[in-house]
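> One file is attached below, work_35.csv, containing CSV, C-alpha atoms.
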chain,number,residue,atom,x,y,z
A,1,MET,CA,0.0,0.0,0.0
A,2,ASP,CA,2.7,2.2,1.0
A,3,LEU,CA,5.8,2.6,-1.1
A,4,ARG,CA,7.7,5.8,-1.7
A,5,LEU,CA,10.3,6.1,-4.4
A,6,ALA,CA,12.7,8.9,-5.0
A,7,VAL,CA,15.4,9.3,-7.7
A,8,THR,CA,18.5,11.4,-7.0
A,9,GLU,CA,22.0,11.6,-8.6
A,10,HIS,CA,25.2,10.8,-6.7
A,11,ASP,CA,28.4,11.5,-8.5
A,12,GLY,CA,26.8,10.9,-11.9
A,13,VAL,CA,25.0,7.6,-10.8
A,14,MET,CA,21.3,7.4,-10.5
A,15,VAL,CA,20.1,6.3,-7.0
A,16,LEU,CA,16.5,5.0,-6.6
A,17,ALA,CA,15.6,5.1,-2.9
A,18,ALA,CA,12.7,3.0,-1.8
A,19,GLN,CA,10.8,3.4,1.5
A,20,GLY,CA,8.0,1.3,2.8
A,21,GLU,CA,6.8,-2.1,1.7
A,22,ILE,CA,7.4,-3.9,-1.6
A,23,ASP,CA,4.8,-6.6,-2.3
A,24,VAL,CA,2.4,-7.6,-5.1
A,25,SER,CA,0.5,-4.3,-4.6
A,26,THR,CA,3.4,-1.9,-4.7
A,27,ALA,CA,6.0,-3.8,-6.9
A,28,PRO,CA,4.5,-2.4,-10.2
A,29,GLU,CA,5.5,1.1,-9.1
A,30,LEU,CA,9.1,-0.1,-8.6
A,31,ARG,CA,9.0,-1.9,-12.0
A,32,GLN,CA,7.8,1.2,-13.7
A,33,GLU,CA,10.5,3.4,-12.2
A,34,LEU,CA,13.2,0.9,-13.2
A,35,VAL,CA,11.9,0.6,-16.8
A,36,GLU,CA,12.0,4.4,-17.1
A,37,LEU,CA,15.5,4.6,-15.7
A,38,ALA,CA,16.7,1.9,-18.0
A,39,ALA,CA,15.0,3.6,-21.0
A,40,ALA,CA,16.7,6.9,-20.1
A,41,GLY,CA,20.0,5.2,-20.7
A,42,SER,CA,21.8,7.1,-18.0
A,43,GLY,CA,24.0,4.1,-17.0
A,44,SER,CA,23.9,1.9,-13.9
A,45,VAL,CA,21.3,2.4,-11.1
A,46,VAL,CA,21.7,2.0,-7.4
A,47,VAL,CA,18.5,0.8,-5.7
A,48,ASP,CA,18.6,1.8,-2.0
A,49,LEU,CA,16.5,-0.5,0.0
A,50,GLN,CA,17.6,0.7,3.4
A,51,GLY,CA,14.1,2.2,4.1
A,52,VAL,CA,12.3,-0.9,3.0
A,53,ASP,CA,10.8,-3.0,5.9
A,54,PHE,CA,9.1,-5.6,3.8
A,55,LEU,CA,10.1,-7.3,0.6
A,56,ASP,CA,8.6,-10.5,-0.9
A,57,SER,CA,9.2,-12.6,-4.0
A,58,THR,CA,7.2,-10.1,-6.2
A,59,GLY,CA,9.6,-7.4,-5.3
A,60,LEU,CA,12.6,-9.7,-5.8
A,61,GLY,CA,11.2,-10.6,-9.2
A,62,VAL,CA,11.0,-6.9,-10.2
A,63,LEU,CA,14.6,-6.4,-9.1
A,64,VAL,CA,15.8,-9.5,-11.0
A,65,SER,CA,14.1,-8.4,-14.2
A,66,GLY,CA,15.5,-4.9,-13.7
A,67,LEU,CA,19.0,-6.4,-13.2
A,68,LYS,CA,18.6,-8.3,-16.5
A,69,ARG,CA,17.4,-5.1,-18.3
A,70,PHE,CA,20.4,-3.1,-17.1
A,71,ARG,CA,23.0,-5.7,-17.7
A,72,THR,CA,21.6,-6.3,-21.2
A,73,GLY,CA,22.2,-2.6,-21.8
A,74,GLY,CA,25.8,-2.9,-20.6
A,75,SER,CA,25.3,-1.3,-17.2
A,76,ASP,CA,24.3,-2.7,-13.8
A,77,LEU,CA,21.7,-2.6,-11.0
A,78,LEU,CA,23.2,-2.5,-7.6
A,79,VAL,CA,21.4,-2.7,-4.3
A,80,VAL,CA,22.0,-1.2,-0.9
A,81,VAL,CA,20.6,-3.4,1.9
A,82,THR,CA,21.2,-3.1,5.7
A,83,ASN,CA,18.0,-4.4,7.2
A,84,PRO,CA,18.6,-8.0,8.3
A,85,ARG,CA,15.1,-9.1,7.4
A,86,ILE,CA,15.6,-7.9,3.9
A,87,VAL,CA,19.1,-9.4,3.7
A,88,LYS,CA,17.6,-12.7,4.7
A,89,VAL,CA,15.2,-12.7,1.8
A,90,PHE,CA,18.1,-12.3,-0.6
A,91,GLU,CA,20.0,-15.1,1.2
A,92,ILE,CA,17.2,-17.6,1.2
A,93,THR,CA,16.7,-17.2,-2.6
A,94,GLY,CA,20.4,-17.3,-3.4
A,95,LEU,CA,20.3,-13.8,-4.9
A,96,THR,CA,23.2,-12.5,-2.8
A,97,GLN,CA,25.3,-14.3,-5.4
A,98,VAL,CA,23.5,-12.5,-8.3
A,99,PHE,CA,23.3,-8.9,-7.2
A,100,SER,CA,26.1,-6.5,-6.4
A,101,MET,CA,25.1,-5.8,-2.7
A,102,HIS,CA,26.3,-2.9,-0.6
A,103,GLU,CA,25.8,-1.5,2.9
A,104,THR,CA,26.0,2.2,2.0
A,105,VAL,CA,24.9,4.3,-1.0
A,106,ASP,CA,28.5,5.6,-1.2
A,107,ASP,CA,29.9,2.1,-1.6
A,108,ALA,CA,27.4,1.2,-4.2
A,109,VAL,CA,27.9,4.4,-6.2
A,110,ALA,CA,31.7,3.8,-6.1
A,111,ALA,CA,31.2,0.3,-7.3
A,112,ALA,CA,28.9,1.5,-10.1
A,113,ARG,CA,31.5,4.0,-11.2
A,114,GLY,CA,34.0,1.2,-11.4
B,1,MET,CA,-3.5,-19.3,25.9
B,2,VAL,CA,-4.6,-21.0,22.8
B,3,ASP,CA,-7.9,-19.8,21.3
B,4,PRO,CA,-9.0,-22.6,19.0
B,5,ARG,CA,-11.6,-20.5,17.2
B,6,PRO,CA,-10.4,-19.7,13.7
B,7,VAL,CA,-10.0,-16.2,12.4
B,8,VAL,CA,-11.2,-15.9,8.8
B,9,LEU,CA,-10.5,-13.2,6.3
B,10,ASP,CA,-12.6,-13.2,3.1
B,11,VAL,CA,-11.9,-10.3,0.8
B,12,PRO,CA,-11.7,-9.5,-2.9
B,13,ALA,CA,-8.7,-11.3,-4.5
B,14,ARG,CA,-6.8,-8.1,-5.2
B,15,PRO,CA,-3.2,-7.2,-4.5
B,16,GLU,CA,-4.0,-4.4,-2.1
B,17,TYR,CA,-5.5,-6.9,0.4
B,18,VAL,CA,-2.4,-9.0,0.7
B,19,ARG,CA,-0.9,-6.5,3.2
B,20,LEU,CA,-4.1,-6.8,5.3
B,21,ALA,CA,-3.8,-10.6,5.3
B,22,ARG,CA,-0.3,-10.6,6.6
B,23,MET,CA,-1.1,-8.0,9.3
B,24,LEU,CA,-4.1,-10.0,10.4
B,25,VAL,CA,-2.2,-13.3,10.7
B,26,ALA,CA,0.7,-11.6,12.6
B,27,SER,CA,-1.9,-10.1,15.0
B,28,VAL,CA,-3.5,-13.5,15.6
B,29,ALA,CA,-0.1,-15.0,16.2
B,30,ALA,CA,0.9,-12.3,18.6
B,31,GLY,CA,-2.2,-12.6,20.8
B,32,GLY,CA,-0.9,-12.5,24.3
B,33,ARG,CA,2.4,-14.2,23.4
B,34,ASP,CA,6.0,-13.0,23.6
B,35,LEU,CA,7.1,-13.9,20.1
B,36,ASP,CA,10.5,-13.4,18.6
B,37,ALA,CA,10.4,-10.6,16.0
B,38,GLU,CA,12.2,-12.7,13.4
B,39,TRP,CA,9.5,-15.4,13.9
B,40,VAL,CA,6.8,-12.9,13.2
B,41,ASP,CA,8.7,-11.6,10.1
B,42,ASP,CA,9.0,-15.1,8.7
B,43,LEU,CA,5.3,-15.6,9.2
B,44,ARG,CA,4.4,-12.3,7.6
B,45,LEU,CA,6.5,-13.1,4.6
B,46,ALA,CA,5.2,-16.7,4.2
B,47,VAL,CA,1.6,-15.5,4.4
B,48,SER,CA,2.3,-12.8,1.9
B,49,GLU,CA,3.8,-15.3,-0.6
B,50,ALA,CA,0.8,-17.6,-0.2
B,51,CYS,CA,-1.7,-14.8,-0.6
B,52,THR,CA,0.1,-13.5,-3.6
B,53,LEU,CA,-0.3,-16.9,-5.2
B,54,ALA,CA,-4.0,-16.9,-4.3
B,55,VAL,CA,-4.6,-13.5,-5.8
B,56,GLY,CA,-3.2,-14.7,-9.1
B,57,ALA,CA,-5.1,-18.0,-9.0
B,58,SER,CA,-8.4,-17.3,-7.3
B,59,ARG,CA,-11.3,-19.0,-8.9
B,60,ASP,CA,-14.1,-17.1,-7.4
B,61,GLY,CA,-12.5,-13.7,-7.1
B,62,ARG,CA,-12.0,-13.9,-3.3
B,63,LEU,CA,-8.9,-14.1,-1.2
B,64,SER,CA,-9.8,-16.5,1.7
B,65,VAL,CA,-7.4,-17.0,4.6
B,66,THR,CA,-8.1,-19.0,7.7
B,67,CYS,CA,-5.8,-18.7,10.7
B,68,ARG,CA,-6.0,-21.1,13.7
B,69,GLU,CA,-4.0,-21.3,16.9
B,70,GLU,CA,-3.1,-24.8,18.0
B,71,THR,CA,-1.2,-25.9,21.1
B,72,ASP,CA,2.1,-26.2,19.4
B,73,GLY,CA,1.8,-23.8,16.6
B,74,LEU,CA,-0.2,-21.6,14.2
B,75,VAL,CA,-1.9,-23.0,11.1
B,76,VAL,CA,-2.7,-20.7,8.2
B,77,GLU,CA,-4.8,-21.9,5.3
B,78,VAL,CA,-5.0,-19.9,2.1
B,79,ARG,CA,-7.5,-21.0,-0.5
B,80,ASP,CA,-6.5,-21.4,-4.2
B,81,ALA,CA,-2.9,-20.9,-3.3
B,82,THR,CA,-1.5,-24.0,-5.0
B,83,LEU,CA,2.2,-24.0,-5.1
B,84,ASP,CA,4.0,-25.1,-8.2
B,85,PRO,CA,7.7,-25.7,-7.6
B,86,GLU,CA,8.4,-25.3,-11.3
B,87,GLY,CA,6.5,-22.1,-11.9
B,88,ASP,CA,6.7,-20.3,-8.6
B,89,GLY,CA,10.4,-20.6,-8.0
B,90,LEU,CA,11.1,-17.7,-5.6
B,91,ALA,CA,7.8,-18.0,-3.7
B,92,PHE,CA,8.3,-21.7,-3.3
B,93,GLU,CA,11.9,-21.3,-2.0
B,94,LEU,CA,10.8,-18.7,0.5
B,95,ILE,CA,7.8,-20.6,1.8
B,96,ARG,CA,9.7,-23.8,2.3
B,97,ALA,CA,12.5,-22.0,4.1
B,98,LEU,CA,10.3,-19.9,6.4
B,99,VAL,CA,7.6,-22.3,7.8
B,100,ASP,CA,7.9,-25.6,9.6
B,101,ASP,CA,5.5,-27.4,7.4
B,102,VAL,CA,3.7,-26.7,4.1
B,103,ALA,CA,1.0,-28.9,2.6
B,104,THR,CA,-0.9,-28.4,-0.7
B,105,GLU,CA,-4.3,-29.9,-0.8
B,106,VAL,CA,-6.9,-29.7,-3.6
B,107,ASP,CA,-7.6,-26.1,-3.3
B,108,VAL,CA,-5.8,-25.0,-0.1
B,109,LEU,CA,-2.2,-24.3,0.9
B,110,ARG,CA,-1.7,-25.0,4.6
B,111,LEU,CA,1.3,-23.4,6.4
B,112,ARG,CA,2.3,-24.4,9.9
B,113,MET,CA,4.7,-22.6,12.2
B,114,ASN,CA,5.5,-24.1,15.6
B,115,TRP,CA,5.6,-21.6,18.5
B,116,ALA,CA,9.1,-22.4,19.5
B,117,SER,CA,11.0,-23.0,16.4
As structure tokens - that is how I would like this structure written.

Amino acid sequence: MDLRLAVTEHDGVMVLAAQGEIDVSTAPELRQELVELAAAGSGSVVVDLQGVDFLDSTGLGVLVSGLKRFRTGGSDLLVVVTNPRIVKVFEITGLTQVFSMHETVDDAVAAARG
Amino acid sequence: MVDPRPVVLDVPARPEYVRLARMLVASVAAGGRDLDAEWVDDLRLAVSEACTLAVGASRDGRLSVTCREETDGLVVEVRDATLDPEGDGLAFELIRALVDDVATEVDVLRLRMNWAS
């Protein structure tokens, strides 16, 4: 019901900060934002999930399809996660091996800049 | 104290009701107990996964969730939430990892979480 998304730029890298809950009801908003960012062609995106307190497989699915979209375009989708309950969701599904995961936006931005 | 009377949620099978379902089940579980926060998070996520499956597969346009306290655990039944390990990869992995037992019957997915697991 309640997901807030904000896009900012850090050192030339787009950062999409999400706050609230990502489930079957709100994931379409995240998908739309990622599609638009990919279409804009402004390089890699950092998805900051530090303000997210609920994430289920619908949200993971959106992140995975976003990852494929960005990597197909020669860039990347990196995530910032600190909340243990969100980290756990990535761990159970083995996605810690798939995503470039970081504990701060600065780290992720640095990784995105290569 | 275990209250054996089931709590039933019957609402339109729409995405915006999934949040309500997981909040309701978490409230039933909490009833007077001192539950570990991680236990409640696991329950909320498993219920959310089951309800998401049901919203996508509901045959009568309803999302129907029944939650029942038992002596050793909580049982949650979600109608029309059949789990296909081939087709629902992430949801299947999460549910299996989070609950103590999962059973699929003809038209119901039954999740069980033991109180002290």
> Within 10 Å of chain A, which residues of chain B come that close, and what is the closest atom pair and distance in Å for each? Count only C-alpha atoms and give it as a Markdown table.

| residue | atom | partner | partner_atom | distance |
| --- | --- | --- | --- | --- |
| B:Arg14 | CA | A:Ser25 | CA | 8.3 |
| B:Pro15 | CA | A:Ser25 | CA | 4.7 |
| B:Glu16 | CA | A:Ser25 | CA | 5.1 |
| B:Tyr17 | CA | A:Ser25 | CA | 8.2 |
| B:Val18 | CA | A:Ser25 | CA | 7.7 |
| B:Arg19 | CA | A:Met1 | CA | 7.3 |
| B:Leu20 | CA | A:Met1 | CA | 9.5 |
| B:Ala37 | CA | A:Arg85 | CA | 9.9 |
| B:Glu38 | CA | A:Arg85 | CA | 7.6 |
| B:Asp41 | CA | A:Arg85 | CA | 7.4 |
| B:Asp42 | CA | A:Arg85 | CA | 8.7 |
| B:Arg44 | CA | A:Phe54 | CA | 9.0 |
| B:Leu45 | CA | A:Asp56 | CA | 6.4 |
| B:Ala46 | CA | A:Asp56 | CA | 8.7 |
| B:Ser48 | CA | A:Asp56 | CA | 7.3 |
| B:Glu49 | CA | A:Asp56 | CA | 6.8 |
| B:Cys51 | CA | A:Val24 | CA | 9.4 |
| B:Thr52 | CA | A:Val24 | CA | 6.5 |
| B:Leu53 | CA | A:Val24 | CA | 9.7 |
| B:Val55 | CA | A:Val24 | CA | 9.2 |
| B:Gly56 | CA | A:Val24 | CA | 9.9 |
| B:Asp88 | CA | A:Ser57 | CA | 9.3 |
| B:Gly89 | CA | A:Thr93 | CA | 9.0 |
| B:Leu90 | CA | A:Ser57 | CA | 5.7 |
| B:Ala91 | CA | A:Ser57 | CA | 5.6 |
| B:Phe92 | CA | A:Ser57 | CA | 9.2 |
| B:Glu93 | CA | A:Thr93 | CA | 6.3 |
| B:Leu94 | CA | A:Ile92 | CA | 6.5 |
| B:Ile95 | CA | A:Ile92 | CA | 9.9 |
| B:Arg96 | CA | A:Ile92 | CA | 9.8 |
| B:Ala97 | CA | A:Ile92 | CA | 7.1 |
| B:Leu98 | CA | A:Ile92 | CA | 8.9 |
> Could you check which of B:Glu69, B:Asp34, B:Asp60, B:Asp84 is closest to Asp3 of chain B, using only C-alpha atoms?
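Under the stated criterion, the closest residue is B:Glu69.
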> Here's a test: counting only C-alpha atoms, identify every protein, DNA and RNA residue with an atom at most 6 Å from (22.8, 0.1, -7.2) in the file's coordinate frame, and state them as number ranges by chain.
A: 45-47, 77-79, 108
> Counting all atoms listed in the file, what is within 10 Å of segment 71-75 of chain A, bar same-chain residues fewer than 6 positions away, as a PDB file with C-alpha atoms, in the coordinates of the input?

ATOM      1  CA  ALA A  38      16.700   1.900 -18.000  1.00  0.00           C
ATOM      2  CA  ALA A  39      15.000   3.600 -21.000  1.00  0.00           C
ATOM      3  CA  GLY A  41      20.000   5.200 -20.700  1.00  0.00           C
ATOM      4  CA  SER A  42      21.800   7.100 -18.000  1.00  0.00           C
ATOM      5  CA  GLY A  43      24.000   4.100 -17.000  1.00  0.00           C
ATOM      6  CA  SER A  44      23.900   1.900 -13.900  1.00  0.00           C
ATOM      7  CA  VAL A  45      21.300   2.400 -11.100  1.00  0.00           C
ATOM      8  CA  SER A  65      14.100  -8.400 -14.200  1.00  0.00           C
ATOM      9  CA  ALA A 112      28.900   1.500 -10.100  1.00  0.00           C
TER      10      ALA A 112
END
> Counting all atoms listed in the file, which of B:Arg110, B:Met1, B:Thr66, B:Ala57 gets nearest to Ala30 of chain B?
B:Met1
> Once you count only C-alpha atoms, which residues end up no further than 9 Å from (-3.7, -13.4, 12.8) in the file's frame, shown as an mmCIF file with C-alpha atoms, keeping the file's coordinate frame?

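Ended up saving to result-v6.cif:
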data_model
loop_
_atom_site.group_PDB
_atom_site.id
_atom_site.type_symbol
_atom_site.label_atom_id
_atom_site.label_comp_id
_atom_site.auth_asym_id
_atom_site.auth_seq_id
_atom_site.Cartn_x
_atom_site.Cartn_y
_atom_site.Cartn_z
ATOM 1 C CA VAL B 7 -10.000 -16.200 12.400
ATOM 2 C CA VAL B 8 -11.200 -15.900 8.800
ATOM 3 C CA ALA B 21 -3.800 -10.600 5.300
ATOM 4 C CA ARG B 22 -0.300 -10.600 6.600
ATOM 5 C CA MET B 23 -1.100 -8.000 9.300
ATOM 6 C CA LEU B 24 -4.100 -10.000 10.400
ATOM 7 C CA VAL B 25 -2.200 -13.300 10.700
ATOM 8 C CA ALA B 26 0.700 -11.600 12.600
ATOM 9 C CA SER B 27 -1.900 -10.100 15.000
ATOM 10 C CA VAL B 28 -3.500 -13.500 15.600
ATOM 11 C CA ALA B 29 -0.100 -15.000 16.200
ATOM 12 C CA ALA B 30 0.900 -12.300 18.600
ATOM 13 C CA GLY B 31 -2.200 -12.600 20.800
ATOM 14 C CA THR B 66 -8.100 -19.000 7.700
ATOM 15 C CA CYS B 67 -5.800 -18.700 10.700
ATOM 16 C CA ARG B 68 -6.000 -21.100 13.700
ATOM 17 C CA GLU B 69 -4.000 -21.300 16.900
ATOM 18 C CA VAL B 76 -2.700 -20.700 8.200
#
> Env of Val35 of chain A: 10 Å cut, atoms = all atoms listed in the file, seq-sep filter 3 positions within chain, self excluded. Answer as a list in words.
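Non-adjacent residues within range: Leu30, Arg31, Gln32, Ala38, Ala39, Ala40, Ser65, Gly66, Arg69 and Phe70 of chain A.
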> Using only C-alpha atoms, pick whichever of B:Val108, B:Leu35, B:Met113, B:Val40 has the shortest atom-to-atom distance to Leu74 of chain B.
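The closest residue to Leu74 of chain B is B:Met113.
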> I'd like the interatomic distance between atom CA of Leu37 of chain A and atom CA of Thr82 of chain A, to a tenth of an Å.
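That distance, rounded to one decimal, is 23.4 Å.
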> Counting only C-alpha atoms, what is within 9 Å of Val7 of chain A, bar same-chain residues fewer than 6 positions away, as a list in words?
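Everything that qualifies: Met14, Val15, Leu16, Ala17 and Glu33 of chain A.
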> So the first atom is atom CA of Thr104 of chain A and the second is atom CA of Asp76 of chain A; what is the distance between them in Å, to one decimal place?
16.6 Å
> Give me, as a compact mmCIF listing (two decimals) with C-alpha atoms, keeping the file's coordinate frame, all polymer residues having an atom no more than 10 Å from Ala110 of chain A, counting all atoms listed in the file and skipping those fewer than 4 positions away in the same chain.

# COMPACT_ATOMS: atom_id res chain seq x y z
CA HIS A 10 25.20 10.80 -6.70
CA ASP A 11 28.40 11.50 -8.50
CA VAL A 13 25.00 7.60 -10.80
CA VAL A 105 24.90 4.30 -1.00
CA ASP A 106 28.50 5.60 -1.20
CA GLY A 114 34.00 1.20 -11.40
> List as a list in words the protein and nucleic acid residues near Val65 of chain B, meaning an atom at most 6 Å away when only C-alpha atoms are counted, but skip any in the same chain fewer than 4 places from it.
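Once the nearby chain positions are removed, what remains is Val8, Leu9, Glu77 and Val78 of chain B.
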> Using the selection just defined, write its residues with C-alpha atoms as a PDB file, keeping the file's coordinate frame.

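Generated output (out.pdb):
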ATOM      1  CA  VAL B   8     -11.200 -15.900   8.800  1.00  0.00           C
ATOM      2  CA  LEU B   9     -10.500 -13.200   6.300  1.00  0.00           C
ATOM      3  CA  GLU B  77      -4.800 -21.900   5.300  1.00  0.00           C
ATOM      4  CA  VAL B  78      -5.000 -19.900   2.100  1.00  0.00           C
TER       5      VAL B  78
END
> Please indicate the distance in Å from atom CA of Ala116 of chain B to atom CA of Gly73 of chain B, rounded to one decimal place.
8.0 Å
